[in-house]
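This report refers to the structure that appears directly beneath it.
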Amino acid sequence: MNCGEPGRPSSAFRQGVSVSIQKRGRTVRHTLVLLAVMLAPFPISSARAQVTVDVSKITCEQFVLYQITDADNIAVWLHGYHSGRRGTTMVDVQTFKENANKLKQYCRMNFKVTVMQAAEAVLGAGK
């Protein structure tokens, strides 16, 4: 058997290692393919399901207690809704924040009113 140079493995040993690595690579590849085939029928879903909400039915209580979603999300939606009705695409961020705070204050005192009614009462139809 040819030992080759000192400190270097013989060619027979290198071939054996090469064959072993090739076999291991095939095994890993086959395992990955099998895993992919097994998981393919199961779609990967997000942790949160999409929910449809009728904003006209959200009460002030639900709004200020974050029972539906973060109150700021609802305030942004309300602003977009009223901006769409007015045909404007401009947002004055400072005024928006002030109006959102006014709405939250009103809702803290009027739990049973819908948030849409509260927006009309606090901000008026045109704001």
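Scheme for the structure tokens: letters A, B, ... for chains in order shown; per-chain residue numbers from 1; ligand numbers from 1 in order shown.
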Contacts of Lys104 of chain A at 9 Å (only C-alpha atoms; same-chain gap of 2+ positions) as a ChimeraX atom specification: /A:60,63-64,71,99-102,106-109
Next, write the just-selected residues to a file, as a PDB file, in the first residue's frame, keeping N, CA and C atoms as the atom set.
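Dumped everything to part_28.pdb:
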```
ATOM      1  N   CYS A  60     -66.911  52.993  22.135  1.00  0.00           N
ATOM      2  CA  CYS A  60     -65.824  53.743  22.762  1.00  0.00           C
ATOM      3  C   CYS A  60     -65.121  52.900  23.821  1.00  0.00           C
ATOM      4  N   PHE A  63     -62.748  50.783  22.103  1.00  0.00           N
ATOM      5  CA  PHE A  63     -61.703  51.650  21.564  1.00  0.00           C
ATOM      6  C   PHE A  63     -60.658  51.986  22.621  1.00  0.00           C
ATOM      7  N   VAL A  64     -61.081  52.515  23.771  1.00  0.00           N
ATOM      8  CA  VAL A  64     -60.113  52.973  24.774  1.00  0.00           C
ATOM      9  C   VAL A  64     -59.497  51.819  25.567  1.00  0.00           C
ATOM     10  N   ALA A  71     -55.816  51.473  19.869  1.00  0.00           N
ATOM     11  CA  ALA A  71     -56.678  52.622  19.575  1.00  0.00           C
ATOM     12  C   ALA A  71     -56.103  53.484  18.451  1.00  0.00           C
ATOM     13  N   ASN A  99     -56.435  65.431  17.541  1.00  0.00           N
ATOM     14  CA  ASN A  99     -57.798  64.919  17.353  1.00  0.00           C
ATOM     15  C   ASN A  99     -57.950  63.510  17.917  1.00  0.00           C
ATOM     16  N   ALA A 100     -56.920  62.678  17.753  1.00  0.00           N
ATOM     17  CA  ALA A 100     -56.969  61.324  18.308  1.00  0.00           C
ATOM     18  C   ALA A 100     -57.061  61.383  19.827  1.00  0.00           C
ATOM     19  N   ASN A 101     -56.330  62.292  20.447  1.00  0.00           N
ATOM     20  CA  ASN A 101     -56.392  62.445  21.902  1.00  0.00           C
ATOM     21  C   ASN A 101     -57.755  62.958  22.355  1.00  0.00           C
ATOM     22  N   LYS A 102     -58.323  63.903  21.590  1.00  0.00           N
ATOM     23  CA  LYS A 102     -59.677  64.395  21.912  1.00  0.00           C
ATOM     24  C   LYS A 102     -60.684  63.252  21.838  1.00  0.00           C
ATOM     25  N   TYR A 106     -62.987  61.827  24.930  1.00  0.00           N
ATOM     26  CA  TYR A 106     -64.448  61.747  24.811  1.00  0.00           C
ATOM     27  C   TYR A 106     -64.924  60.315  25.073  1.00  0.00           C
ATOM     28  N   CYS A 107     -64.239  59.367  24.495  1.00  0.00           N
ATOM     29  CA  CYS A 107     -64.639  57.964  24.641  1.00  0.00           C
ATOM     30  C   CYS A 107     -64.497  57.452  26.071  1.00  0.00           C
ATOM     31  N   ARG A 108     -63.516  57.977  26.805  1.00  0.00           N
ATOM     32  CA  ARG A 108     -63.366  57.567  28.217  1.00  0.00           C
ATOM     33  C   ARG A 108     -64.591  57.959  29.048  1.00  0.00           C
ATOM     34  N   MET A 109     -65.275  59.007  28.620  1.00  0.00           N
ATOM     35  CA  MET A 109     -66.463  59.481  29.346  1.00  0.00           C
ATOM     36  C   MET A 109     -67.768  58.945  28.763  1.00  0.00           C
TER      37      MET A 109
END
```
Nearby residues (only C-alpha atoms) at most 10 Å from Leu78 of chain A, same-chain spacing under 3 positions excluded, as a ChimeraX atom specification: /A:55-56,72-75,81-84,100,115-116,119
Write the selection just made, keeping C-alpha atoms, as a PDB file, in the first residue's frame?
```pdb
ATOM      1  CA  VAL A  55     -65.708  49.855  12.508  1.00  0.00           C
ATOM      2  CA  SER A  56     -69.205  51.358  12.711  1.00  0.00           C
ATOM      3  CA  ASP A  72     -54.165  54.361  17.296  1.00  0.00           C
ATOM      4  CA  ASN A  73     -54.942  51.858  14.515  1.00  0.00           C
ATOM      5  CA  ILE A  74     -58.620  52.734  14.718  1.00  0.00           C
ATOM      6  CA  ALA A  75     -57.841  56.461  14.860  1.00  0.00           C
ATOM      7  CA  TYR A  81     -62.194  57.325   6.189  1.00  0.00           C
ATOM      8  CA  HIS A  82     -63.054  60.966   6.817  1.00  0.00           C
ATOM      9  CA  SER A  83     -60.236  62.191   4.554  1.00  0.00           C
ATOM     10  CA  GLY A  84     -61.627  60.005   1.778  1.00  0.00           C
ATOM     11  CA  ALA A 100     -56.969  61.324  18.308  1.00  0.00           C
ATOM     12  CA  VAL A 115     -66.437  55.403  18.003  1.00  0.00           C
ATOM     13  CA  MET A 116     -67.901  56.674  14.703  1.00  0.00           C
ATOM     14  CA  ALA A 119     -65.739  61.115  16.023  1.00  0.00           C
TER      15      ALA A 119
END
```
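Using only C-alpha atoms for every distance, the candidate list A:Val51, A:Ile68, A:Met90, A:Ile58 yields A:Ile58 as the residue closest to Lys112 of chain A.
You can rank A:Asp54, A:Gln105, A:Val76, A:Asp70 by their closest distance to Val93 of chain A using only C-alpha atoms, and at the top of that list sits A:Val76.
Our summary of the geometry notes that atom CA of Thr89 of chain A is positioned 13.3 Å from atom CA of Trp77 of chain A.
Distance annotation: of A:Gly80, A:Thr59, A:Thr95, A:Thr88, the residue with the minimal separation from Thr114 of chain A is A:Thr59; atom set is only C-alpha atoms.
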Computed interatomic separation between atom CA of Arg86 of chain A and atom CA of Glu98 of chain A (Å): 19.2 Å
